[in-house]
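Remarks on the structure that follows.
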Amino acid sequence: MPRSSTPSPRPLSLRKRLLFLAIILGVLAATVEVGTRAFWRLGYGVSFKAPDFYDIYYPETRAAETMRIARDDEQIDVLLLGGSVLHERFGSIAEALREQLTHETGRPVRVYNAANIAHTTRDSLVKYRRLEGKAFDLVIVYHGINEARANNCPPELFRDDYSHYAWYAMVNRFAVEGPHRYSAAWATARLAWARAMLKWRADRFVPLHAPHERWLDFGGDIKTAATFDRNLRDIAVLAEQRGDPLMLMTFATHVPADYSHEAFKARRLDYVLHLSAIELWGRPDQVAAAIAAHNDAVRTVAAEHGLPLVDQQSLMPADGRLFNDICHFTHKGSQTFVDNLLPQAQAMLATD
């Protein structure tokens, strides 16, 4: 009796094989996408539905983003934009302002402190743009020193959007214009690549902390003045469009006549805590020149846009009891700083 033979399975057509491959790749891509979204959600609190890398770089605006902020209620809503001088780790300005305004106006005051360590006018502009739809009773901007660090690079590397500075090489791509709303996996891959490039090509970027020693000679060319001016103008235009009362201030500093890096490290100066040496931003004379140029920009923008200006550089006494270093205030200094701006703030709120 002849042996029966089992027919061989027919090979899949090319079309079916391609369809099968597409299904596998689709499932794999979906798995990776869900996984990366879950990673950012669980690890960093980023929205799973619409992952936004902005929240990683600027978490300080979350409170303002989630609250109803309007000018049709009894509460006074104040937005602070600036660097570490306004940050709670380096002083008590926000709390002193809330207490003083509450006492003087008799109204409840809520201060949204969107200032953060090392931030510049570039960061404040990005954050203020983000807060579209929020109607503040008062917006206060205070910048002057942090951009000095961005000058410490060869002129051919300097970029107006500060992308030659390691922080902004990341922020500009992922907090402002990244593709994160479409694919968290793709954005994560780009983020990993960008971080690798920052590490491998560190010689092309201003570091996040102290500048490269070999680039310090370039710090005397104040390349940031024009960008500082433009960022302030953009903030002023936004405030005008939104109807937000905007206050600008010059940047106050205190450099003892006997300042040196060695004296600072030995805590021989008249500062109280000796927190940050000037060399964190560059050479002392170059940092002073940058702050002066930035203060000139503040005065110019305030004058041309008809904005209230508080000249903190002139009003703050050159007294070490008020300063913990060149720019950060003691508790007494924070109170003096608020005392200086309070009359102008009251006048602006009275006409709001």
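Going through the structure tokens in order, the chains are called A, B, and so on, while each chain numbers its residues from 1 and the ligands are numbered from 1 in the order shown.
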Filtered DSSP result for segment 95-185 of chain A, state alpha helix (DSSP H), as a PyMOL selection string: chain A and resi 95-105+121-130+166-171+184-185
Can you check which parts of segment 19-128 of chain A lie within 10 Å of segment 222-232 of chain A? Per residue, the shortest pair of atoms and distance in Å to one decimal, counting only C-alpha atoms, sorted by chain and number, as a tab-separated table.
```
residue	atom	partner	partner_atom	distance
A:Thr120	CA	A:Phe228	CA	8.4
A:Thr121	CA	A:Asn231	CA	5.9
A:Arg122	CA	A:Asn231	CA	6.2
A:Asp123	CA	A:Asn231	CA	9.3
A:Ser124	CA	A:Asn231	CA	8.5
A:Leu125	CA	A:Asn231	CA	6.4
A:Val126	CA	A:Asn231	CA	9.5
```
Output C-alpha atoms for every residue in that selection, as a PDB file, in the first residue's frame.
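part-v9.pdb, freshly written:
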```pdb
ATOM      1  CA  THR A 120      18.382  83.911  32.144  1.00  0.00           C
ATOM      2  CA  THR A 121      16.021  86.174  30.222  1.00  0.00           C
ATOM      3  CA  ARG A 122      15.806  83.373  27.639  1.00  0.00           C
ATOM      4  CA  ASP A 123      14.245  81.035  30.220  1.00  0.00           C
ATOM      5  CA  SER A 124      11.913  83.727  31.516  1.00  0.00           C
ATOM      6  CA  LEU A 125      10.671  84.458  28.003  1.00  0.00           C
ATOM      7  CA  VAL A 126       9.992  80.760  27.376  1.00  0.00           C
TER       8      VAL A 126
END
```
Once you count only C-alpha atoms, what closest atom pair and distance in Å to one decimal does each residue of segment 121-210 of chain A within 7 Å of segment 274-289 of chain A have, with rows by chain and rising residue number, as a tab-separated table?
```
residue	atom	partner	partner_atom	distance
A:Asn146	CA	A:Trp281	CA	7.0
A:Ala148	CA	A:Val287	CA	5.7
A:Arg149	CA	A:Trp281	CA	4.6
A:His209	CA	A:Leu280	CA	6.9
A:Ala210	CA	A:Leu280	CA	4.8
```
Export, as a PDB file, in the first residue's frame, the selected residues with N, CA, C and O atoms.
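Dumped everything to selection16.pdb:
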```
ATOM      1  N   ASN A 146      23.375  86.050  35.225  1.00  0.00           N
ATOM      2  CA  ASN A 146      23.554  84.692  34.693  1.00  0.00           C
ATOM      3  C   ASN A 146      23.983  84.667  33.233  1.00  0.00           C
ATOM      4  O   ASN A 146      24.714  83.769  32.803  1.00  0.00           O
ATOM      5  N   ALA A 148      26.044  86.527  31.911  1.00  0.00           N
ATOM      6  CA  ALA A 148      27.470  86.821  31.812  1.00  0.00           C
ATOM      7  C   ALA A 148      28.262  85.568  31.463  1.00  0.00           C
ATOM      8  O   ALA A 148      29.245  85.619  30.716  1.00  0.00           O
ATOM      9  N   ARG A 149      27.834  84.416  31.986  1.00  0.00           N
ATOM     10  CA  ARG A 149      28.549  83.171  31.727  1.00  0.00           C
ATOM     11  C   ARG A 149      28.537  82.811  30.239  1.00  0.00           C
ATOM     12  O   ARG A 149      29.479  82.212  29.724  1.00  0.00           O
ATOM     13  N   HIS A 209      28.084  74.879  34.535  1.00  0.00           N
ATOM     14  CA  HIS A 209      28.566  75.516  35.761  1.00  0.00           C
ATOM     15  C   HIS A 209      29.673  76.510  35.420  1.00  0.00           C
ATOM     16  O   HIS A 209      29.479  77.392  34.610  1.00  0.00           O
ATOM     17  N   ALA A 210      30.835  76.395  36.037  1.00  0.00           N
ATOM     18  CA  ALA A 210      31.903  77.350  35.777  1.00  0.00           C
ATOM     19  C   ALA A 210      32.371  77.253  34.324  1.00  0.00           C
ATOM     20  O   ALA A 210      32.410  76.162  33.746  1.00  0.00           O
TER      21      ALA A 210
END
```
So what do you get for atom CA of Phe323 of chain A versus atom CA of Val255 of chain A, distance-wise? 9.5 Å
Extract, using only C-alpha atoms, all DNA, RNA and protein residues at most 12 Å from Lys127 of chain A, discarding same-chain residues fewer than 6 positions from it, and format them as number ranges by chain. A: 54-55, 57-62, 64-65, 79-82, 112-116, 119-121, 134, 141, 171, 175-176, 231, 235, 238
Would you give me, as an NGL selection string, the residues in segment 47-255 of chain A that DSSP reads as strand (DSSP E)? :A and (76-82 or 109-113 or 138-142 or 246-249)
Find, counting only C-alpha atoms, the residue in A:Phe53, A:Glu95, A:His331, A:Phe264 that gets nearest to Arg173 of chain A.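 Once distances to Arg173 of chain A are computed over only C-alpha atoms, the minimum belongs to A:Phe53.
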With only C-alpha atoms as the counted atoms, please give the residues lying no more than 10 Å from Glu99 of chain A, apart from itself and same-chain residues fewer than 4 positions off, as a list in words.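 So the residues in contact are Ile93, Ala94, Glu95, His103, Glu104, Pro108, Val109 and Arg110 of chain A.
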